[in-house]
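Asker: Just one file: upload-v1.tsv, with TSV, C-alpha atoms and all ligand atoms.
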chain	number	residue	atom	x	y	z
A	236	MET	CA	0.00	0.00	0.00
A	237	GLY	CA	2.81	2.33	1.01
A	238	VAL	CA	4.66	1.54	-2.23
A	239	VAL	CA	1.55	2.34	-4.35
A	240	PHE	CA	1.05	5.63	-2.52
A	241	LYS	CA	4.73	6.55	-3.01
A	242	TYR	CA	4.51	5.63	-6.74
A	243	ASN	CA	1.36	7.76	-7.26
A	244	PHE	CA	2.87	10.67	-5.35
A	245	ILE	CA	6.01	10.63	-7.54
A	246	ARG	CA	3.85	10.36	-10.69
A	247	ILE	CA	1.75	13.39	-9.68
A	248	LEU	CA	4.91	15.38	-8.90
A	249	LYS	CA	6.34	14.49	-12.31
A	250	GLU	CA	3.12	15.55	-14.06
A	251	LEU	CA	3.05	18.86	-12.22
A	252	TYR	CA	6.69	19.46	-13.14
A	253	LEU	CA	6.02	18.66	-16.79
A	254	GLN	CA	2.96	20.92	-16.86
A	255	LYS	CA	4.99	23.75	-15.40
A	256	THR	CA	7.77	23.35	-17.94
A	257	ILE	CA	5.49	22.79	-20.93
A	258	MET	CA	3.00	25.62	-20.28
A	259	LEU	CA	3.83	28.91	-21.94
A	260	LYS	CA	4.65	31.84	-19.73
A	261	ALA	CA	2.21	34.73	-20.20
A	262	VAL	CA	4.94	37.07	-21.42
A	263	ILE	CA	6.01	34.61	-24.15
A	264	GLU	CA	2.39	33.92	-25.11
A	265	LYS	CA	1.80	37.65	-25.53
A	266	ALA	CA	4.91	38.04	-27.73
A	267	LEU	CA	3.92	35.06	-29.90
A	268	ASN	CA	0.40	36.44	-30.30
A	269	LYS	CA	1.90	39.73	-31.48
A	270	GLN	CA	3.95	37.74	-33.98
A	271	ILE	CA	0.74	36.09	-35.25
A	272	GLU	CA	-0.52	39.60	-35.97
A	273	LEU	CA	2.65	40.49	-37.83
A	274	GLU	CA	2.62	37.33	-39.97
A	275	ALA	CA	-1.07	37.94	-40.78
A	276	SER	CA	-0.26	41.52	-41.77
A	277	SER	CA	2.59	40.23	-44.01
A	278	SER	CA	0.15	37.91	-45.74
A	279	GLN	CA	-2.36	40.74	-46.32
A	280	PHE	CA	0.33	43.15	-47.46
A	281	TYR	CA	1.75	40.70	-50.04
A	282	LEU	CA	-1.76	39.83	-51.18
A	283	SER	CA	-2.35	43.51	-51.92
A	284	MET	CA	0.97	43.64	-53.81
A	285	ALA	CA	-0.01	40.50	-55.77
A	286	SER	CA	-3.32	42.02	-56.77
A	287	TRP	CA	-1.72	45.34	-57.79
A	288	THR	CA	0.95	43.65	-59.93
A	289	GLU	CA	-1.70	41.44	-61.54
A	290	ILE	CA	-3.64	44.54	-62.59
A	291	GLN	CA	-0.41	45.98	-64.08
A	292	GLY	CA	-0.05	42.88	-66.26
A	293	LEU	CA	3.01	41.61	-64.38
A	294	SER	CA	1.86	38.03	-64.11
A	295	GLY	CA	5.19	36.52	-62.98
A	296	SER	CA	5.60	39.00	-60.12
A	297	SER	CA	1.96	38.57	-59.23
A	298	SER	CA	2.23	34.74	-58.98
A	299	PHE	CA	5.36	35.14	-56.88
A	300	LEU	CA	3.57	37.51	-54.49
A	301	TYR	CA	0.39	35.40	-54.27
A	302	GLN	CA	2.57	32.46	-53.27
A	303	HIS	CA	4.48	34.60	-50.79
A	304	SER	CA	1.22	35.75	-49.23
A	305	ASP	CA	0.13	32.10	-48.78
A	306	GLU	CA	3.46	31.28	-47.15
A	307	GLU	CA	3.04	34.09	-44.63
A	308	ARG	CA	-0.35	32.67	-43.71
A	309	GLU	CA	1.38	29.32	-43.12
A	310	HIS	CA	3.86	31.09	-40.82
A	311	MET	CA	0.92	32.51	-38.90
A	312	LEU	CA	-0.76	29.08	-38.62
A	313	LYS	CA	2.45	27.50	-37.35
A	314	LEU	CA	2.41	29.99	-34.46
A	315	VAL	CA	-1.30	29.45	-33.77
A	316	LYS	CA	-0.77	25.71	-33.43
A	317	PHE	CA	2.38	26.07	-31.34
A	318	ILE	CA	0.71	28.39	-28.81
A	319	ASN	CA	-2.33	26.13	-28.45
A	320	GLU	CA	-0.25	22.95	-28.16
A	321	ARG	CA	1.75	24.55	-25.35
A	322	GLY	CA	-1.40	25.21	-23.34
A	323	GLY	CA	-1.73	28.88	-24.36
A	324	LYS	CA	-4.48	30.66	-26.30
A	325	ALA	CA	-3.75	31.81	-29.83
A	326	LEU	CA	-5.59	35.03	-30.71
A	327	ILE	CA	-6.69	35.58	-34.29
A	328	PRO	CA	-6.26	39.27	-35.14
A	329	ALA	CA	-8.56	41.57	-37.10
A	330	LEU	CA	-7.54	42.40	-40.66
A	331	ILE	CA	-5.80	45.72	-41.23
A	332	GLN	CA	-6.09	47.39	-44.64
A	333	PRO	CA	-2.70	47.20	-46.38
A	334	PRO	CA	-1.56	49.85	-48.92
A	335	LYS	CA	-3.66	49.61	-52.10
A	336	THR	CA	-1.31	51.08	-54.69
A	337	PHE	CA	2.40	51.22	-55.38
A	338	LYS	CA	4.53	53.60	-57.42
A	339	SER	CA	6.38	50.86	-59.30
A	340	LEU	CA	7.51	47.24	-59.11
A	341	THR	CA	10.71	48.40	-57.41
A	342	HIS	CA	8.56	50.18	-54.83
A	343	VAL	CA	6.66	46.90	-54.24
A	344	PHE	CA	9.82	44.95	-53.46
A	345	GLU	CA	11.39	47.77	-51.45
A	346	SER	CA	8.24	47.85	-49.31
A	347	LEU	CA	8.43	44.07	-48.98
A	348	LEU	CA	12.03	44.24	-47.79
A	349	GLU	CA	11.24	47.02	-45.32
A	350	HIS	CA	8.38	44.95	-43.92
A	351	GLU	CA	10.60	41.86	-43.66
A	352	LEU	CA	13.21	43.85	-41.72
A	353	ASN	CA	10.52	44.74	-39.15
A	354	VAL	CA	9.50	41.09	-38.96
A	355	THR	CA	13.12	40.06	-38.39
A	356	GLU	CA	13.46	42.59	-35.59
A	357	SER	CA	10.33	41.24	-33.93
A	358	ILE	CA	11.58	37.63	-34.23
A	359	ASN	CA	14.94	38.58	-32.76
A	360	ASN	CA	13.16	40.23	-29.84
A	361	ILE	CA	11.19	37.04	-29.18
A	362	VAL	CA	14.38	34.95	-29.32
A	363	GLY	CA	15.98	37.32	-26.78
A	364	LEU	CA	12.89	37.08	-24.56
A	365	CYS	CA	12.98	33.27	-24.70
A	366	LEU	CA	16.56	33.28	-23.44
A	367	GLN	CA	15.70	35.77	-20.72
A	368	GLU	CA	12.74	33.61	-19.60
A	369	LYS	CA	14.70	30.35	-20.06
A	370	ASP	CA	12.00	29.05	-22.42
A	371	PHE	CA	14.26	26.82	-24.51
A	372	THR	CA	11.37	25.02	-26.23
A	373	THR	CA	10.07	28.26	-27.76
A	374	HIS	CA	13.64	29.34	-28.43
A	375	ASN	CA	14.16	26.17	-30.43
A	376	PHE	CA	10.83	26.64	-32.27
A	377	MET	CA	11.76	30.22	-33.20
A	378	GLN	CA	15.00	29.13	-34.90
A	379	TRP	CA	12.95	28.13	-37.94
A	380	TYR	CA	11.72	31.74	-38.22
A	381	VAL	CA	15.26	33.11	-37.81
A	382	ALA	CA	16.47	31.01	-40.77
A	383	GLU	CA	13.38	31.89	-42.80
A	384	GLN	CA	13.93	35.63	-42.35
A	385	LEU	CA	17.52	35.32	-43.52
A	386	GLU	CA	16.31	33.67	-46.75
A	387	GLU	CA	13.48	36.13	-47.32
A	388	GLU	CA	15.66	39.20	-46.81
A	389	ALA	CA	18.34	37.84	-49.16
A	390	LEU	CA	15.72	37.05	-51.81
A	391	ALA	CA	14.15	40.52	-51.58
A	392	ARG	CA	17.59	42.17	-51.88
A	393	THR	CA	18.45	40.09	-54.97
A	394	ILE	CA	15.17	41.07	-56.62
A	395	ILE	CA	15.69	44.78	-55.84
A	396	ASP	CA	19.25	44.63	-57.24
A	397	ARG	CA	17.91	43.13	-60.48
A	398	LEU	CA	15.18	45.77	-60.74
A	399	ASN	CA	17.69	48.56	-60.13
A	400	MET	CA	19.83	47.21	-62.97
A	401	ILE	CA	16.80	47.18	-65.30
A	402	GLY	CA	15.76	50.75	-64.43
A	403	ASN	CA	13.15	52.05	-66.86
A	404	ASP	CA	13.88	49.51	-69.58
A	405	LYS	CA	10.47	48.03	-70.50
A	406	ALA	CA	11.94	44.99	-72.30
A	407	GLY	CA	14.11	44.31	-69.26
A	408	LEU	CA	11.05	44.48	-67.02
A	409	TYR	CA	9.21	42.05	-69.27
A	410	LEU	CA	12.11	39.56	-69.05
A	411	PHE	CA	12.42	40.04	-65.29
A	412	ASP	CA	8.73	39.25	-64.82
A	413	ARG	CA	8.94	36.19	-67.07
A	414	ASP	CA	12.09	34.94	-65.27
A	415	LEU	CA	10.47	35.33	-61.84
A	416	SER	CA	7.62	33.13	-63.00
A	417	ASN	CA	10.06	30.52	-64.46
A	418	GLU	CA	12.21	30.49	-61.32
A	419	MET	CA	9.12	29.83	-59.21
A	420	GLN	CA	8.19	26.84	-61.35
A	421	HIS	CA	11.64	25.27	-61.17
A	422	GLU	CA	12.56	25.95	-57.55
A	423	PRO	CA	11.20	24.01	-54.58
A	424	GLN	CA	8.46	26.03	-52.82
A	425	LEU	CA	9.75	28.85	-50.66
A	426	GLU	CA	8.59	28.28	-47.09
B	1	LIG	FE1	6.91	35.16	-42.12
B	1	LIG	O1	8.38	35.29	-43.08
B	1	LIG	FE2	8.55	36.98	-43.71
B	1	LIG	O2	7.41	37.98	-42.86
Can I see the file as structure tokens?
Ligand code: OFO

Answerer:
Amino acid sequence: MGVVFKYNFIRILKELYLQKTIMLKAVIEKALNKQIELEASSSQFYLSMASWTEIQGLSGSSSFLYQHSDEEREHMLKLVKFINERGGKALIPALIQPPKTFKSLTHVFESLLEHELNVTESINNIVGLCLQEKDFTTHNFMQWYVAEQLEEEALARTIIDRLNMIGNDKAGLYLFDRDLSNEMQHEPQLE
């Protein structure tokens, strides 16, 4: 009888310990919910860019941006699931109207890069907070986002460099748009 009691007592202690380590701290939950908002706003922003470029007849750029918008939604969903699995509550944010028009295709990608730099800053802040709060599980989870930002920033910079080289050359712009569409078809999906 004494052995059974001791066994149950140890089991309950273990469960309580696990619960305490697995549950998200409120401060981390709040930061991750803010990140959900940012990923959702990225998705909306790129959707607006996709629609604008489609209207301009830039079908390659438009497909690229539609795909990018979908990927940002995936990034948001990944966070939603992580928060809920860790015993927190993911909050789905209201939609904010993104810019409707852009001055040029270069302006589109410059805006995209600027937005990505803000996202990177936010991710870095969360990583710092995880270390401060000794939440190594979330820290590990966030490493995927750190790597993703590196890729996205590099890609946006490459695209801007190409557009700057083209300048106002209409034939160059046509080829750029066609190449972007071809590259998307041949490369594995960007995450
Ligand atoms: Fe979500 O990767 Fe950019 O913003």

Asker: Residues within 12 Å of ligand LIG 1 (chain B) should be enumerated using all atoms listed in the file and returned as a ChimeraX atom specification.

Answerer: /A:270-281,300,303-314,346-358,377,379-391,425-426

Asker: Put those residues in a file: C-alpha atoms, as a PDB file, in the coordinates of the input.

Answerer:
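This went into selection_39.pdb:
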ATOM      1  CA  GLN A 270       3.950  37.740 -33.980  1.00  0.00           C
ATOM      2  CA  ILE A 271       0.740  36.090 -35.250  1.00  0.00           C
ATOM      3  CA  GLU A 272      -0.520  39.600 -35.970  1.00  0.00           C
ATOM      4  CA  LEU A 273       2.650  40.490 -37.830  1.00  0.00           C
ATOM      5  CA  GLU A 274       2.620  37.330 -39.970  1.00  0.00           C
ATOM      6  CA  ALA A 275      -1.070  37.940 -40.780  1.00  0.00           C
ATOM      7  CA  SER A 276      -0.260  41.520 -41.770  1.00  0.00           C
ATOM      8  CA  SER A 277       2.590  40.230 -44.010  1.00  0.00           C
ATOM      9  CA  SER A 278       0.150  37.910 -45.740  1.00  0.00           C
ATOM     10  CA  GLN A 279      -2.360  40.740 -46.320  1.00  0.00           C
ATOM     11  CA  PHE A 280       0.330  43.150 -47.460  1.00  0.00           C
ATOM     12  CA  TYR A 281       1.750  40.700 -50.040  1.00  0.00           C
ATOM     13  CA  LEU A 300       3.570  37.510 -54.490  1.00  0.00           C
ATOM     14  CA  HIS A 303       4.480  34.600 -50.790  1.00  0.00           C
ATOM     15  CA  SER A 304       1.220  35.750 -49.230  1.00  0.00           C
ATOM     16  CA  ASP A 305       0.130  32.100 -48.780  1.00  0.00           C
ATOM     17  CA  GLU A 306       3.460  31.280 -47.150  1.00  0.00           C
ATOM     18  CA  GLU A 307       3.040  34.090 -44.630  1.00  0.00           C
ATOM     19  CA  ARG A 308      -0.350  32.670 -43.710  1.00  0.00           C
ATOM     20  CA  GLU A 309       1.380  29.320 -43.120  1.00  0.00           C
ATOM     21  CA  HIS A 310       3.860  31.090 -40.820  1.00  0.00           C
ATOM     22  CA  MET A 311       0.920  32.510 -38.900  1.00  0.00           C
ATOM     23  CA  LEU A 312      -0.760  29.080 -38.620  1.00  0.00           C
ATOM     24  CA  LYS A 313       2.450  27.500 -37.350  1.00  0.00           C
ATOM     25  CA  LEU A 314       2.410  29.990 -34.460  1.00  0.00           C
ATOM     26  CA  SER A 346       8.240  47.850 -49.310  1.00  0.00           C
ATOM     27  CA  LEU A 347       8.430  44.070 -48.980  1.00  0.00           C
ATOM     28  CA  LEU A 348      12.030  44.240 -47.790  1.00  0.00           C
ATOM     29  CA  GLU A 349      11.240  47.020 -45.320  1.00  0.00           C
ATOM     30  CA  HIS A 350       8.380  44.950 -43.920  1.00  0.00           C
ATOM     31  CA  GLU A 351      10.600  41.860 -43.660  1.00  0.00           C
ATOM     32  CA  LEU A 352      13.210  43.850 -41.720  1.00  0.00           C
ATOM     33  CA  ASN A 353      10.520  44.740 -39.150  1.00  0.00           C
ATOM     34  CA  VAL A 354       9.500  41.090 -38.960  1.00  0.00           C
ATOM     35  CA  THR A 355      13.120  40.060 -38.390  1.00  0.00           C
ATOM     36  CA  GLU A 356      13.460  42.590 -35.590  1.00  0.00           C
ATOM     37  CA  SER A 357      10.330  41.240 -33.930  1.00  0.00           C
ATOM     38  CA  ILE A 358      11.580  37.630 -34.230  1.00  0.00           C
ATOM     39  CA  MET A 377      11.760  30.220 -33.200  1.00  0.00           C
ATOM     40  CA  TRP A 379      12.950  28.130 -37.940  1.00  0.00           C
ATOM     41  CA  TYR A 380      11.720  31.740 -38.220  1.00  0.00           C
ATOM     42  CA  VAL A 381      15.260  33.110 -37.810  1.00  0.00           C
ATOM     43  CA  ALA A 382      16.470  31.010 -40.770  1.00  0.00           C
ATOM     44  CA  GLU A 383      13.380  31.890 -42.800  1.00  0.00           C
ATOM     45  CA  GLN A 384      13.930  35.630 -42.350  1.00  0.00           C
ATOM     46  CA  LEU A 385      17.520  35.320 -43.520  1.00  0.00           C
ATOM     47  CA  GLU A 386      16.310  33.670 -46.750  1.00  0.00           C
ATOM     48  CA  GLU A 387      13.480  36.130 -47.320  1.00  0.00           C
ATOM     49  CA  GLU A 388      15.660  39.200 -46.810  1.00  0.00           C
ATOM     50  CA  ALA A 389      18.340  37.840 -49.160  1.00  0.00           C
ATOM     51  CA  LEU A 390      15.720  37.050 -51.810  1.00  0.00           C
ATOM     52  CA  ALA A 391      14.150  40.520 -51.580  1.00  0.00           C
ATOM     53  CA  LEU A 425       9.750  28.850 -50.660  1.00  0.00           C
ATOM     54  CA  GLU A 426       8.590  28.280 -47.090  1.00  0.00           C
TER      55      GLU A 426
END

Asker: At what distance in Å, to one decimal, does CA of Val362 (chain A) lie from CA of His374 (chain A)?

Answerer: 5.7 Å

Asker: Have a look at A:Gln302, A:Asn243, A:Ser297, A:Thr288 and name the one nearest to Lys335 (chain A); count all atoms listed in the file.

Answerer: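 The answer is A:Thr288, which sits nearest to Lys335 (chain A).
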
Asker: Distance CA of Asn417 (chain A)-CA of Lys338 (chain A), one decimal place?

Answerer: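 Computing it gives 24.8 Å between the two atoms.
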
Asker: Give me, please, the distance in Å between CA of Ser416 (chain A) and CA of Pro334 (chain A), quoted to one decimal.

Answerer: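 According to the coordinates, CA of Ser416 (chain A) and CA of Pro334 (chain A) are separated by 23.7 Å.
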
Asker: Skip Ile361 (chain A) itself and residues of its chain fewer than 2 positions away, then list as a list in words all residues within 8 Å of it, counting all atoms listed in the file.

Answerer: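 The residues satisfying every condition are Ile263, Ala266, Leu267, Ser357, Ile358, Asn359, Gly363, Leu364, Cys365 and Met377 of chain A.
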
Asker: Would you mind listing what lies within 12 Å of Leu408 (chain A) as a count of residues only, with only C-alpha atoms counted and same-chain residues fewer than 4 positions away left out?

Answerer: 22

Asker: Go through A:Glu289, A:Asn268, A:Asp396, A:Phe411 one by one, measure the shortest atom-to-atom distance of each to Lys316 (chain A) using all atoms listed in the file, and give the residue with the smallest value.

Answerer: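 Smallest separation from Lys316 (chain A) among the options: A:Asn268.
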
Asker: Go through A:Arg392, A:Lys265, A:Lys369, A:Lys405 and flag the residue nearest Gly323 (chain A), using all atoms listed in the file for the distances.

Answerer: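 Between A:Arg392, A:Lys265, A:Lys369, A:Lys405, the residue approaching Gly323 (chain A) most closely is A:Lys265.
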